[in-house]
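Visitor: Here it is, the structure, as structure tokens.
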Amino acid sequence: MKKVIIVDDESAGRKLIKEYLEDFMELILLGEANNGVDAVKIINEFKPDLVFLDIQMPGMTGFDVLKHLEELPQIIFSTAYDQYALKAFDVHAVDYLLKPYTKERFKVAIERLSKSSENNRARPLAESLLIETSKYPERILVQKQNKLVTIAVEDVIRIEAYGDYSKLVVPDDTYLSNYGISTLEEKLDDSVFIRVHRSSIVNLNKVKELSKYTKSYDITMENGDVVRVSRGYMKNIKKLMY
């Protein structure tokens with residue numbers, strides 16, 4: 001069984017999808033929205049498995065909606081505009097239904113659901129959320145057990161290298177990012193997130209105190225974690241001093 005949300009600013013578009021869904025008993029409709037803002041609210045509240053998502057809508061586009069989701073469901077885009085198809089598949093949507101589409105075409109999209117895996121779409125969608133925001137991202141996609149969730153960048157206390165991945169420490173949890181620490185360093189605001197060690201980045205807004213030793217410093221974060229500053233990054237510590 002899959003929980004479904006329909007997002008389309010045209011009532012005719014929502015009605016057609018509901019009609020076609022009647023042939024698929026395993027797909028349970030939870031609700032619908034007619035604009036991007038309401039779509040974010042209902043998707044984050046009900047955590048559906050599948051969303052039929054329009055692209056051109058009042059408030060925000062379908063791609064903007066994706067950037068504000070706490071968890072990422074499978075996505076089937078449903079739109080009257082073909083110029084977004086390439087971008088849709090760049091974020092590994094299950095399918096792209098170009099209006100008007102037939103019941104047979106809808107069935108093909110549903111059949112593709114079982115072939116679409118979390119692993120196949122996670123990284124491209126993570127990249128789109130991180131890169132296609134304004135100058136610096138406000139949220140980052142991370143792994144939590146078998147789910148993908150987004151966390152606010154401002155909540156990140158520190159970042160720790162973890163092989164080819166990174167651990168992001170927030171006040172009440174630790175998450176795993178598909179990005180390596182050097183990539184995150186490039187993407188995040190360097191006036192806030194500074195590299196203090198080959199394996200560590202700290203959020204300046206979360207620093208509690210700085211302890212100086214003969215040839216190094218220790219940074220104590222607001223959650224009590226202590227991060228050692230290595231010699232190669234001593235110059236970055238100047239950002240802590242005024």
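In the structure tokens, chains take the letters A, B, ... in the order shown, each chain's residues start at 1, and ligands count up from 1 in the order shown.
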Can you list, as a short mmCIF file (atom, residue, chain, number, x, y, z; two decimals) with C-alpha atoms, in the first residue's frame, every protein, DNA or RNA residue that comes within 8 Å of Asn178 (chain A) when you count only C-alpha atoms, leaving out same-chain residues fewer than 5 positions away?

Guide:
data_model
loop_
_atom_site.label_atom_id
_atom_site.label_comp_id
_atom_site.auth_asym_id
_atom_site.auth_seq_id
_atom_site.Cartn_x
_atom_site.Cartn_y
_atom_site.Cartn_z
CA ARG A 123 22.06 11.70 -4.43
CA VAL A 142 20.68 13.93 5.20
CA GLN A 143 20.22 10.26 6.00
CA ASP A 164 33.69 9.79 1.84
CA TYR A 165 30.71 11.13 3.81
CA SER A 166 30.17 13.62 6.63
#

Visitor: Hey, what's within 9 Å of His197 (chain A) if we count only C-alpha atoms and toss same-chain stuff fewer than 3 positions away? As a PyMOL selection string, please?

Guide: chain A and resi 200-201+227-234

Visitor: For a quick check of understanding, using only C-alpha atoms, which of A:Asp23, A:Arg139, A:Asn223, A:Glu111 has the smallest distance to Asp172 (chain A)?

Guide: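 With only C-alpha atoms as the atom set, the closest residue is A:Asn223.
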
Visitor: Pick from A:Asp49, A:Glu22, A:Glu186, A:Glu160: nearest to Val4 (chain A), with only C-alpha atoms counted?

Guide: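 Going through A:Asp49, A:Glu22, A:Glu186, A:Glu160 one by one, the smallest distance to Val4 (chain A) is for A:Asp49.
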
Visitor: For Ser177 (chain A), which residue out of A:Lys144, A:Lys208, A:Lys99, A:Arg158 is the nearest one, using only C-alpha atoms?

Guide: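 Using only C-alpha atoms, the shortest distance to Ser177 (chain A) belongs to A:Lys144.
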
Visitor: Report as number ranges by chain: the residues of region 20-190 of chain A with a DSSP assignment of strand (DSSP E), based on the backbone of this structure.

Guide: A: 27-33, 50-53, 74-79, 95-98, 139-144, 147-152, 158-162, 165-170, 173-177

Visitor: Which one of A:Leu113, A:Val153, A:Leu168, A:Ile6 sits closest to Asp38 (chain A) if you count only C-alpha atoms?

Guide: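 Smallest distance to Asp38 (chain A) is found for A:Ile6.
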
Visitor: Using DSSP assignments from the backbone, pull out every residue in region 132-209 of chain A that falls under alpha helix (DSSP H) and give it to me as a ChimeraX atom specification.

Guide: /A:181-187

Visitor: So, counting only C-alpha atoms, which residue among A:Glu138, A:Asp189, A:Glu222, A:Asp9 is closest to Val170 (chain A)?

Guide: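 Among the listed residues, the smallest separation from Val170 (chain A) belongs to A:Glu222.
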
Visitor: Measure the distance from CA of Lys215 (chain A) to CA of Gly180 (chain A) in Å and round it to one decimal.

Guide: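 It comes out at 28.0 Å.
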
Visitor: If we count only C-alpha atoms and set the cut-off at 6 Å, which residues sit around Val149 (chain A), ignoring sequence neighbours fewer than 5 positions away in its own chain? Please answer as a PyMOL selection string.

Guide: chain A and resi 70-71+141-142

Visitor: Could you write out that same residue set with N, CA, C and O atoms as a PDB file, in the first residue's frame?

Guide:
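Saved file part-v7.pdb follows:
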ATOM      1  N   GLU A  70      10.469  17.732   4.475  1.00  0.00           N
ATOM      2  CA  GLU A  70      11.242  17.111   5.553  1.00  0.00           C
ATOM      3  C   GLU A  70      11.682  15.705   5.165  1.00  0.00           C
ATOM      4  O   GLU A  70      12.738  15.236   5.580  1.00  0.00           O
ATOM      5  N   GLU A  71      10.845  14.992   4.418  1.00  0.00           N
ATOM      6  CA  GLU A  71      11.189  13.677   3.890  1.00  0.00           C
ATOM      7  C   GLU A  71      10.804  13.650   2.417  1.00  0.00           C
ATOM      8  O   GLU A  71       9.865  14.320   2.004  1.00  0.00           O
ATOM      9  N   LEU A 141      19.900  17.936   2.818  1.00  0.00           N
ATOM     10  CA  LEU A 141      19.324  16.597   2.838  1.00  0.00           C
ATOM     11  C   LEU A 141      20.309  15.635   3.493  1.00  0.00           C
ATOM     12  O   LEU A 141      21.484  15.599   3.152  1.00  0.00           O
ATOM     13  N   VAL A 142      19.817  14.857   4.468  1.00  0.00           N
ATOM     14  CA  VAL A 142      20.676  13.931   5.202  1.00  0.00           C
ATOM     15  C   VAL A 142      19.964  12.590   5.383  1.00  0.00           C
ATOM     16  O   VAL A 142      18.758  12.466   5.166  1.00  0.00           O
TER      17      VAL A 142
END

Visitor: Write out as a list in words which residues come within 7 Å of Val94 (chain A) when counting only C-alpha atoms, dropping same-chain ones fewer than 3 positions away.

Guide: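 These residues fall inside the cut-off: Gln74, Ile75, Ile76, Arg112, Leu113 and Ser116 of chain A.
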
Visitor: What separation in Å, quoted to one decimal, exists between CA of Asp155 (chain A) and CA of Met60 (chain A)?

Guide: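 Distance reported for this atom pair: 24.5 Å.
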